[in-house]
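A.B. asks: Submitted below is the structure of interest, expressed as structure tokens.
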Amino acid sequence: MIQEFEQYLSIDRALLKDWQEYHENHTLSGGAISSSIENAWKRCESLKVKSNTASAPNIASNSELDSLLEMNRLILKSSIPHMDVLFQELKNLDPYVILADNEGTILKLLHTKGRNLIPEKVNILPGASWTEENCGNNGIGSVIKENNTVSVFGYEHYCSGFHEWICTGMPIRDPLIGKQLGVVNISGNKKLVSLHNRALVQSIGRLIEVSLYEHLFFSEESSYFQLLNSEKPVIAFDEYFKITHVNVPAVRELGLISGDSFQIFPPEMSLPTFLPIKNKYKDEKGREWMVSTSPYIISGRILGRIAVFDKINNAALPGSFSINKKSNGVSEIVTQNAEMERLKLQAIQMGSNDYPVLIVGETGTGKELFAKVIHDYSKRNKKPFVIVNCGAIPKDLIASELFGYVKGAFTNANPSGKKGMFEVANGGTLFLDEIGELPLDMQTYLLRVLEDNTVYRLGSTEGIPVNVRIVAATNKELKDNVKFRSDLLYRINVMTLSIPPLRDRKGDVMLLFSHFIKNHEAHYISVKNEVFNLLKSYDWPGNVRELKNTCLSAIFNTEFRKDSIITLEDLPKSIKGKKEIIERSTNYSNVQAAIKKTGGNKSKAAELLGISRMTLYRMIHEVKV
């Protein structure tokens, strides 16, 4: 390998000469430096990068890095298998295979641990920022600036601390809009010139993009699976209203193709919004369509929008983009939270067996929706899904509701008798919500029914065979609860789902609020940033149910004012009365001013605000400054 390097010695010396000349005179008289590297040096000089920089700054604490990894979960999932292939291919050369986000922060590093201390020395580690502003031109920051594959060899680096390095990086772009999502990079000692293989890095980058495409189009875990595989016309377009993706019905029915302009909304309307937007569209044949658009979000960034077309004479209800029955239950759980996505998959898998399930979660977290997913993906999905709220039925009526009664069982009873919910759900799924509210005597009766698969109506000694799957839910801790039988708990708690409260998945607040507006068919309603900031700051003790009611109340108040913009005044008093939360939320508005004041330099903006650069990034993602 050293012999192979010797042929580069003359080039290496020429590069050093050019580097010295540039840093002494700020000009080049010509030589080994290419025009692209010279342009990169000029950028670094204008950014006032220190030429003696030898290490990247660490901008993320452990908790901030966890948030960053969560935000980029899809990219990581699509990239790591292919990065590992690249690493194994070059393992003997001690490579550093790196994945960075679109802001230049390292998310993942593959290297041979313990071989040397170079990663620690120059900070090639997760959480480090390798932007040109921080480290001069390199195979991460320059890729982001140029949005193209970039190689930097030895003295081509603006900063002297990286002159022993060689690095090649390629941008990873999303498959629908083409926006840059991150960078895949390979780095190492410049003597190992075989690392300088652009084709190899580009092939891995392309494979990562293919994996992203497969996830979006073919995985039911994808939030966009239903939309992109719809039998209706579907297109994707960017913030400039340029179409970047069309499905077959869109071409066949509407004659739309990629590259076309799709100016269906008023030019002054800002598309980088989490809100749904609806409008009518008349095609070349004079037919009218209702176009329902939703934001296309990857890694917390709005990259564009996806539009679904419904003929006016057969328009679907808002949000009804599902293809089949199985997709309905999953699609009702609106989330971009990794834990919630995992629970959705777990619920789907639970549907494949017939064991009892206990769903645990605070009131309003959506336990019923998960129970419906389990039913939809079970072999019982063509049979009834029956819901019983054990806490909402008067105690003296619970037995008759669950088990039914025969003619004349008690005063004022139906003269014909009545089926209980077990009989109604026969063959299907019985969802016992708030099972912790069930009286002890009813728990004893329920346990016997579950063990014998036989129900006895009140007033009868004749058993009725039933075949019911039990899915129960509770917002209380049932273990060691003297008011709940432990043997019944063991019987219903074969499998468990624990639903996180909304305060632990604040990233879903804006998504859900927008979803509720869409389902309300509230055309052109927009939301001020200060409202979203406040909603994200609120703890939501009533969880998703409280958020939905808040949204409906805000829509009503906005429409009552004959306005189309939801403001703080439209929110319920219980929320807008939290003055300290409002004051905290208004801090986000300072972000835009700081970025503008520093000419877009995020490092200086963070310094001006007195926060870490990682915190600034998170605030930008949250409020889309």
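Numbering starts fresh at 1 for the residues of each chain in the structure tokens, the chains themselves are lettered A, B, ... in the order given, and ligands are numbered from 1 as they appear.
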Go through segment 16-96 of chain A residue by residue and, counting only C-alpha atoms, keep those with an atom at most 12 Å from segment 197-200 of chain A; for each kept residue give the shortest atom pair and its distance in Å to one decimal, ordered by chain and increasing number, as CSV.
C.D. replies:
residue,atom,partner,partner_atom,distance
A:His82,CA,A:Leu200,CA,11.4
A:Met83,CA,A:Leu200,CA,11.1
A:Val85,CA,A:Leu200,CA,10.9
A:Leu86,CA,A:Leu200,CA,8.1
A:Phe87,CA,A:Leu200,CA,11.2
A:Glu89,CA,A:Leu200,CA,10.1
A:Leu90,CA,A:Leu200,CA,10.5
A.B. asks: Hey, what does DSSP flag as helix (DSSP H, G or I) within segment 88-233 of chain A? Can you give it to me as a ChimeraX atom specification?
C.D. replies: /A:88-89,91-93,118-122,132-135,141-146,154-156,160-162,193-195,198-218,225-228
A.B. asks: Point out the residue among A:Ser78, A:Thr461, A:Gln349, A:Thr444 with the least atom-to-atom distance to Tyr213 of chain A, counting only C-alpha atoms.
C.D. replies: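 Of the candidates, the smallest distance to Tyr213 of chain A is held by A:Ser78.
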A.B. asks: Can you check which residues of segment 23-184 of chain A DSSP gives as strand (DSSP E or B) on the backbone and send them as a PyMOL selection string?
C.D. replies: chain A and resi 58+96-101+105-110+128-129+150-153+165-173+180-184
A.B. asks: Next, the residues of the selection above should be written as an mmCIF file, in the first residue's frame with N, CA and C atoms.
C.D. replies:
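This is the output file selection35.cif:
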data_model
loop_
_atom_site.group_PDB
_atom_site.id
_atom_site.type_symbol
_atom_site.label_atom_id
_atom_site.label_comp_id
_atom_site.auth_asym_id
_atom_site.auth_seq_id
_atom_site.Cartn_x
_atom_site.Cartn_y
_atom_site.Cartn_z
ATOM 1 N N ASN A 58 -18.029 19.034 19.396
ATOM 2 C CA ASN A 58 -19.111 18.134 19.792
ATOM 3 C C ASN A 58 -20.307 18.990 20.176
ATOM 4 N N TYR A 96 -13.123 4.445 8.149
ATOM 5 C CA TYR A 96 -14.119 5.073 9.010
ATOM 6 C C TYR A 96 -15.343 5.319 8.130
ATOM 7 N N VAL A 97 -16.356 4.508 8.325
ATOM 8 C CA VAL A 97 -17.579 4.619 7.533
ATOM 9 C C VAL A 97 -18.584 5.405 8.368
ATOM 10 N N ILE A 98 -19.065 6.504 7.798
ATOM 11 C CA ILE A 98 -19.788 7.506 8.586
ATOM 12 C C ILE A 98 -21.131 7.823 7.949
ATOM 13 N N LEU A 99 -22.134 8.016 8.800
ATOM 14 C CA LEU A 99 -23.417 8.561 8.359
ATOM 15 C C LEU A 99 -23.648 9.851 9.134
ATOM 16 N N ALA A 100 -23.899 10.927 8.392
ATOM 17 C CA ALA A 100 -24.185 12.227 9.014
ATOM 18 C C ALA A 100 -25.553 12.704 8.567
ATOM 19 N N ASP A 101 -26.172 13.583 9.360
ATOM 20 C CA ASP A 101 -27.467 14.121 8.966
ATOM 21 C C ASP A 101 -27.278 15.282 7.987
ATOM 22 N N THR A 105 -23.969 16.650 11.231
ATOM 23 C CA THR A 105 -23.698 16.024 12.521
ATOM 24 C C THR A 105 -23.620 14.509 12.349
ATOM 25 N N ILE A 106 -22.554 13.904 12.861
ATOM 26 C CA ILE A 106 -22.372 12.459 12.718
ATOM 27 C C ILE A 106 -23.421 11.719 13.545
ATOM 28 N N LEU A 107 -24.093 10.774 12.895
ATOM 29 C CA LEU A 107 -25.097 9.944 13.558
ATOM 30 C C LEU A 107 -24.552 8.566 13.886
ATOM 31 N N LYS A 108 -23.749 8.016 12.961
ATOM 32 C CA LYS A 108 -23.270 6.636 13.105
ATOM 33 C C LYS A 108 -21.854 6.532 12.571
ATOM 34 N N LEU A 109 -21.018 5.792 13.291
ATOM 35 C CA LEU A 109 -19.640 5.559 12.873
ATOM 36 C C LEU A 109 -19.318 4.079 12.980
ATOM 37 N N LEU A 110 -18.759 3.520 11.907
ATOM 38 C CA LEU A 110 -18.254 2.154 11.915
ATOM 39 C C LEU A 110 -16.734 2.215 11.744
ATOM 40 N N ALA A 128 -20.630 14.870 16.781
ATOM 41 C CA ALA A 128 -19.689 15.895 16.322
ATOM 42 C C ALA A 128 -20.217 16.542 15.042
ATOM 43 N N SER A 129 -19.952 17.833 14.893
ATOM 44 C CA SER A 129 -20.432 18.585 13.734
ATOM 45 C C SER A 129 -19.293 18.812 12.751
ATOM 46 N N VAL A 150 -18.321 14.430 -3.098
ATOM 47 C CA VAL A 150 -17.113 15.234 -2.906
ATOM 48 C C VAL A 150 -16.011 14.341 -2.344
ATOM 49 N N SER A 151 -14.788 14.508 -2.892
ATOM 50 C CA SER A 151 -13.606 13.853 -2.345
ATOM 51 C C SER A 151 -12.596 14.926 -1.961
ATOM 52 N N VAL A 152 -11.971 14.753 -0.808
ATOM 53 C CA VAL A 152 -10.953 15.698 -0.352
ATOM 54 C C VAL A 152 -9.734 14.888 0.076
ATOM 55 N N PHE A 153 -8.573 15.197 -0.543
ATOM 56 C CA PHE A 153 -7.363 14.407 -0.326
ATOM 57 C C PHE A 153 -6.276 15.254 0.326
ATOM 58 N N TRP A 165 -5.612 13.132 6.101
ATOM 59 C CA TRP A 165 -6.852 12.400 5.851
ATOM 60 C C TRP A 165 -7.235 12.401 4.377
ATOM 61 N N ILE A 166 -7.969 11.388 4.022
ATOM 62 C CA ILE A 166 -8.643 11.330 2.739
ATOM 63 C C ILE A 166 -10.101 10.984 3.024
ATOM 64 N N CYS A 167 -11.029 11.655 2.365
ATOM 65 C CA CYS A 167 -12.448 11.390 2.641
ATOM 66 C C CYS A 167 -13.282 11.589 1.382
ATOM 67 N N THR A 168 -14.274 10.748 1.236
ATOM 68 C CA THR A 168 -15.211 10.844 0.117
ATOM 69 C C THR A 168 -16.626 10.687 0.663
ATOM 70 N N GLY A 169 -17.499 11.586 0.293
ATOM 71 C CA GLY A 169 -18.880 11.530 0.767
ATOM 72 C C GLY A 169 -19.866 11.730 -0.364
ATOM 73 N N MET A 170 -21.052 11.168 -0.172
ATOM 74 C CA MET A 170 -22.124 11.303 -1.153
ATOM 75 C C MET A 170 -23.407 11.682 -0.441
ATOM 76 N N PRO A 171 -24.183 12.606 -1.020
ATOM 77 C CA PRO A 171 -25.462 12.946 -0.388
ATOM 78 C C PRO A 171 -26.475 11.821 -0.528
ATOM 79 N N ILE A 172 -27.279 11.639 0.513
ATOM 80 C CA ILE A 172 -28.419 10.708 0.464
ATOM 81 C C ILE A 172 -29.670 11.555 0.296
ATOM 82 N N ARG A 173 -30.427 11.274 -0.751
ATOM 83 C CA ARG A 173 -31.611 12.084 -1.047
ATOM 84 C C ARG A 173 -32.870 11.248 -0.864
ATOM 85 N N GLN A 180 -31.932 16.550 0.129
ATOM 86 C CA GLN A 180 -30.831 15.913 0.828
ATOM 87 C C GLN A 180 -31.234 15.580 2.262
ATOM 88 N N LEU A 181 -31.041 14.313 2.624
ATOM 89 C CA LEU A 181 -31.375 13.860 3.976
ATOM 90 C C LEU A 181 -30.142 13.682 4.851
ATOM 91 N N GLY A 182 -28.998 13.409 4.231
ATOM 92 C CA GLY A 182 -27.793 13.165 4.998
ATOM 93 C C GLY A 182 -26.632 12.864 4.076
ATOM 94 N N VAL A 183 -25.557 12.334 4.655
ATOM 95 C CA VAL A 183 -24.328 12.047 3.910
ATOM 96 C C VAL A 183 -23.779 10.704 4.360
ATOM 97 N N VAL A 184 -23.393 9.860 3.388
ATOM 98 C CA VAL A 184 -22.629 8.659 3.702
ATOM 99 C C VAL A 184 -21.191 8.945 3.293
#
A.B. asks: Show me, as number ranges by chain, the residues that have an atom within 12 Å of Ser51 of chain A when counting only C-alpha atoms, minus same-chain residues fewer than 6 positions from it.
C.D. replies: A: 19-20, 22-24, 41, 44-45, 132-137, 155-163
A.B. asks: Using only C-alpha atoms, find the one residue out of A:Leu358, A:Ala425, A:Cys551, A:Leu68 that sits nearest to Pro465 of chain A.
C.D. replies: A:Ala425
A.B. asks: Measuring atom to atom with only C-alpha atoms, identify which of A:Ile302, A:Leu552, A:Ile264, A:Leu74 is nearest to Glu214 of chain A.
C.D. replies: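 Of A:Ile302, A:Leu552, A:Ile264, A:Leu74, the one nearest Glu214 of chain A, counting only C-alpha atoms, is A:Leu74.
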